[in-house]
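Participant: Structure provided below as structure tokens; questions to follow.
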There are 2 protein chains.
Amino acid sequence: MIIIAEKLNGAIPSCAKAIAARDEAYIKDMAVKQAESGAAFLDVHASVKDNELDVLKWMIDTVQSVTDCPIAVDSSDVNVIIEALPFCKRPGMFNSVNGSSHKIDAAFPILAKPEYSEWHVMALLEGENSIAKTAAERIEVFESIMSKAKQYGIADNRIHIDPLIEMLCTTDDEEGISMVLEIMRHIKTNYPKVHISGAISNISFNLPARKFVNQAFAAVAIQAGMDSAVMDPLSEDLRAVIYAAEAMAGLDDFCAEYMAAYREGIFGAKK
Amino acid sequence: MIIIAEKLNGAIPSCAKAIAARDEAYIKDMAVKQAESGAAFLDVHASVKDNELDVLKWMIDTVQSVTDCPIAVDSSDVNVIIEALPFCKRPGMFNSVNGSSHKIDAAFPILAKPEYSEWHVMALLEGENSIAKTAAERIEVFESIMSKAKQYGIADNRIHIDPLIEMLCTTDDEEGISMVLEIMRHIKTNYPKVHISGAISNISFNLPARKFVNQAFAAVAIQAGMDSAVMDPLSEDLRAVIYAAEAMAGLDDFCAEYMAAYREGIFGAKK
């Protein structure tokens, strides 16, 4: 599982407070904790109304002062991301584009440049103006993104697809999460090198005891091909379920990695 | 999820001790606890070398003195089960038969009788002399059991199939649990009224931090059609993951049952 650590995000109240106070200690501490807990990327999202680029630069500089963990530069504004890429000392993740051509046509030419050839990119299966409501529509968005990626020479293994994980509590059509699973299986079958990703905790929005919903979703999604996730790497129980689910998906012979993770104290340690 | 509660079993050391001492309080307490925690059946397994039928009778009588929860009469000896059925005051579960004709031909004529028409039966997908090693072989055993059930007029919704859940830690073929999932999907597709069951905790045998492996398995198996399980109903975290997984499988519109279970304190209560 490629973990994109989610805790450096101004949408989280404690992080927003740290950003407002330019509290370097908070940012550093969270960066180190997440990096040491198995993050492949540290997502950095300012989530501020004014001076987003300045805040992003301060966050990125602060993170890079304490860890070499690659950064996922996160903004809803594709141009802010593009301007922030040079702040990063090493290849990270462009987070994110979607099916809209203005984002793709801004981002992909940059990612096609030799100096950004090791960067990954997160692509959400949103359409130009709306969220597609069926698997077929989202797969259409996916195929259009892949077509553009091919055109720009962006390799499949640099691409992480977020099929849009929506909250379970509004599901009323007897289908459960079958739409998301269908998209995941389509990608896994047709583009085995593309990473299948998404924000795990979205599934449990507005529900109590969210950790159990997140755990159940991770297990089912991994079986369908998910191999990347925006998540909290500090959640030991979720990490444990992910290791177990990977073994069930045939990705961990004799549970060697599960047992190594347990021995290393990644999960299951006595509290 | 139809919960077949597993804790009244002489193979569990504390229960074996209670059986040896004819400790009625232990049996009663465990029966009540499991019944109150959502068990649909209380499995009763003597697991003793001598006087199995006498011990089974004592256990069944003791259980029935405190709860009306139906009993799953459990023995590896099909004739012991048949002799114990009359001890039960109400319809329960015959646990178990398998693909061997001596078990089927002993059990099914009894289960076909009007006085046992409300009994359920657990059938393991073991062959006559060995454990089938492929999905195709186990499905063959399944089809032979269903053919016999049809012959004796045992309705599909009385039948619980255990596809044989084996320990994950010996899995080395890059397939993970795909064989078991394939069998589950075959049953769900072809016999939608047959219950798909099994002993959840078998999956985590010989692994540390077993609860996470059990949780991941339950989530994935429910997605594949599992709707019955031999398990510990006292395990709140597993119950929570099961409720969440059922919602993801489209069995709980708007997560109403998940939220009701949370409100009732079935899981997620502050410790």
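Residue numbering restarts at 1 for every chain of the structure tokens, chains are lettered A, B, ... in their displayed order, and ligands are numbered from 1 as they appear.
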When you get a sec, could you note down which chain A residues fall within 8 Å of chain B, using only C-alpha atoms, as a ChimeraX atom specification?

Facilitator: /A:168-178,207-209,212-213,215-217,219-220,223,237,240-242,244-245,247-255,259,262,268

Participant: Taking only range 14-252 of chain A into account, list the residues labelled strand (DSSP E) by DSSP (computed from the backbone), as a ChimeraX atom specification.

Facilitator: /A:41-45,71-74,93-97,120-124,159-162,195-196,228-231

Participant: Quick check, in Å to one decimal: how far apart do CA of Asp43 in chain A and CA of Ile183 in chain A lie?

Facilitator: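 Between CA of Asp43 in chain A and CA of Ile183 in chain A the gap works out to 24.2 Å.
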
Participant: At a cut-off of 8 Å, using only C-alpha atoms, what residues contact Asn95 in chain B? Leave out same-chain residues fewer than 4 positions from it and give the result as a compact mmCIF listing (two decimals) with C-alpha atoms, in the first residue's frame.

Facilitator:
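What ended up in around.txt:
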# COMPACT_ATOMS: atom_id res chain seq x y z
CA ALA B 72 -26.36 -25.87 16.90
CA VAL B 73 -25.68 -29.48 17.87
CA ASP B 74 -22.03 -29.96 17.00
CA SER B 75 -20.06 -33.20 16.76
CA ILE B 81 -25.77 -35.45 16.58
CA VAL B 121 -27.86 -27.89 8.60
CA MET B 122 -24.20 -26.96 8.19
CA ALA B 123 -22.41 -28.71 5.35

Participant: From the list A:Ala149, A:Ala39, A:Val141, A:Ala25, which residue is nearest Ala5 in chain A when using only C-alpha atoms?

Facilitator: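 Looking at the shortest contact to Ala5 in chain A, the residue is A:Ala39.
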
Participant: Write down as a PyMOL selection string the residues belonging to range 54-214 of chain B that are assigned alpha helix (DSSP H) by DSSP computed on the backbone.

Facilitator: chain B and resi 54-64+78-84+101-111+135-152+178-190+210-214

Participant: From the options A:Asp105, A:Glu83, A:Asp77, A:Glu128, which residue's atoms come nearest to Glu140 in chain A, counting only C-alpha atoms?

Facilitator: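 Answer, going by the shortest atom-to-atom distance: A:Glu128.
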
Participant: Any idea what's packed within 12 Å of Ala136 in chain A, counting only C-alpha atoms, ignoring anything in its chain fewer than 2 positions away? Could you give it as a list of chain:residue names?

Facilitator: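 Those residues are A:Leu125, A:Ala132, A:Lys133, A:Thr134, A:Arg138, A:Ile139, A:Glu140, A:Val141, A:Phe142, A:Glu143, A:Pro163, A:Met179, A:Val180, A:Glu182, A:Ile183, A:Met184, A:His186.
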
Participant: CA of Ala155 in chain B and CA of Trp119 in chain B are how many Å apart?

Facilitator: 10.3 Å

Participant: Please measure the separation of CA of Ala135 in chain A and CA of Ser101 in chain A, giving the value in Å to one decimal.

Facilitator: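 Between CA of Ala135 in chain A and CA of Ser101 in chain A the gap is 20.2 Å.
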
Participant: Neighbouring residues of Asp23 in chain B were defined as those with any atom within 12 Å, considering only C-alpha atoms; residues of the same chain fewer than 6 positions away were excluded. Please report them as a list of chain:residue names.

Facilitator: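 With the cut-off at 12 Å, the set is B:Ser14, B:Cys15, B:Ala16, B:Lys17, B:Asp29, B:Met30, B:Val55, B:Trp58, B:Met59, B:Thr62, B:Val63.
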
Participant: Kindly save the residues from that selection, with C-alpha atoms included, as a JSON list (two decimals), in the first residue's frame.

Facilitator:
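Dumped everything to selection.json:
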[["chain", "number", "residue", "atom", "x", "y", "z"],
["B", 14, "SER", "CA", -11.72, -22.85, 29.77],
["B", 15, "CYS", "CA", -14.84, -24.56, 28.46],
["B", 16, "ALA", "CA", -13.16, -27.99, 28.65],
["B", 17, "LYS", "CA", -12.43, -27.28, 32.31],
["B", 29, "ASP", "CA", -23.19, -17.59, 31.79],
["B", 30, "MET", "CA", -21.60, -18.19, 28.38],
["B", 55, "VAL", "CA", -21.93, -34.56, 28.00],
["B", 58, "TRP", "CA", -25.86, -32.06, 29.99],
["B", 59, "MET", "CA", -24.64, -29.04, 28.00],
["B", 62, "THR", "CA", -27.97, -26.49, 30.90],
["B", 63, "VAL", "CA", -28.12, -24.05, 28.00]]

Participant: Contacts of His102 in chain A at 10 Å or less, counting only C-alpha atoms, minus same-chain residues fewer than 4 places along, as a list in words?

Facilitator: Val78, Val97, Asn98, Ala106, Ala107 and Glu128 of chain A

Participant: The selected residues should be written to file as a short mmCIF file (atom, residue, chain, number, x, y, z; two decimals), in the first residue's frame (atoms: all heavy atoms).

Facilitator:
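File part19.cif, as written:
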data_model
loop_
_atom_site.label_atom_id
_atom_site.label_comp_id
_atom_site.auth_asym_id
_atom_site.auth_seq_id
_atom_site.Cartn_x
_atom_site.Cartn_y
_atom_site.Cartn_z
N VAL A 78 -4.97 24.14 -9.71
CA VAL A 78 -3.89 23.47 -10.43
C VAL A 78 -2.68 24.38 -10.64
O VAL A 78 -1.53 23.93 -10.63
CB VAL A 78 -4.44 22.89 -11.76
CG1 VAL A 78 -4.71 24.00 -12.76
CG2 VAL A 78 -3.54 21.82 -12.34
N VAL A 97 -5.28 16.31 -10.42
CA VAL A 97 -6.03 16.73 -11.61
C VAL A 97 -7.34 15.95 -11.60
O VAL A 97 -7.57 15.10 -10.74
CB VAL A 97 -5.25 16.44 -12.92
CG1 VAL A 97 -3.93 17.21 -12.95
CG2 VAL A 97 -5.01 14.95 -13.11
N ASN A 98 -8.19 16.27 -12.58
CA ASN A 98 -9.41 15.47 -12.77
C ASN A 98 -9.69 15.41 -14.27
O ASN A 98 -8.77 15.65 -15.06
CB ASN A 98 -10.58 16.05 -11.96
CG ASN A 98 -10.92 17.48 -12.36
OD1 ASN A 98 -10.55 17.93 -13.43
ND2 ASN A 98 -11.61 18.18 -11.48
N ALA A 106 -2.97 21.90 -18.22
CA ALA A 106 -1.99 22.68 -17.47
C ALA A 106 -0.95 21.76 -16.84
O ALA A 106 0.26 22.04 -16.86
CB ALA A 106 -2.69 23.50 -16.39
N ALA A 107 -1.41 20.65 -16.27
CA ALA A 107 -0.53 19.79 -15.48
C ALA A 107 0.34 18.85 -16.31
O ALA A 107 1.54 18.71 -16.06
CB ALA A 107 -1.36 18.97 -14.49
N GLU A 128 -15.83 17.20 -16.36
CA GLU A 128 -15.52 18.61 -16.60
C GLU A 128 -16.29 19.52 -15.65
O GLU A 128 -15.72 20.40 -15.03
CB GLU A 128 -15.89 18.95 -18.06
CG GLU A 128 -15.45 20.30 -18.55
CD GLU A 128 -14.00 20.29 -19.03
OE1 GLU A 128 -13.60 19.32 -19.70
OE2 GLU A 128 -13.28 21.24 -18.72
#

Participant: Here is a test: counting only C-alpha atoms, which residue of A:Ala84, A:Leu124, A:Ile4, A:Leu111 is nearest to Cys69 in chain A?

Facilitator: A:Ile4

Participant: Name all residues at most 12 Å from Ile19 in chain B (count only C-alpha atoms; drop same-chain ones fewer than 3 positions away) and give them as a ChimeraX atom specification.

Facilitator: /B:8-16,22-28,44-48,51-52,54-60,62
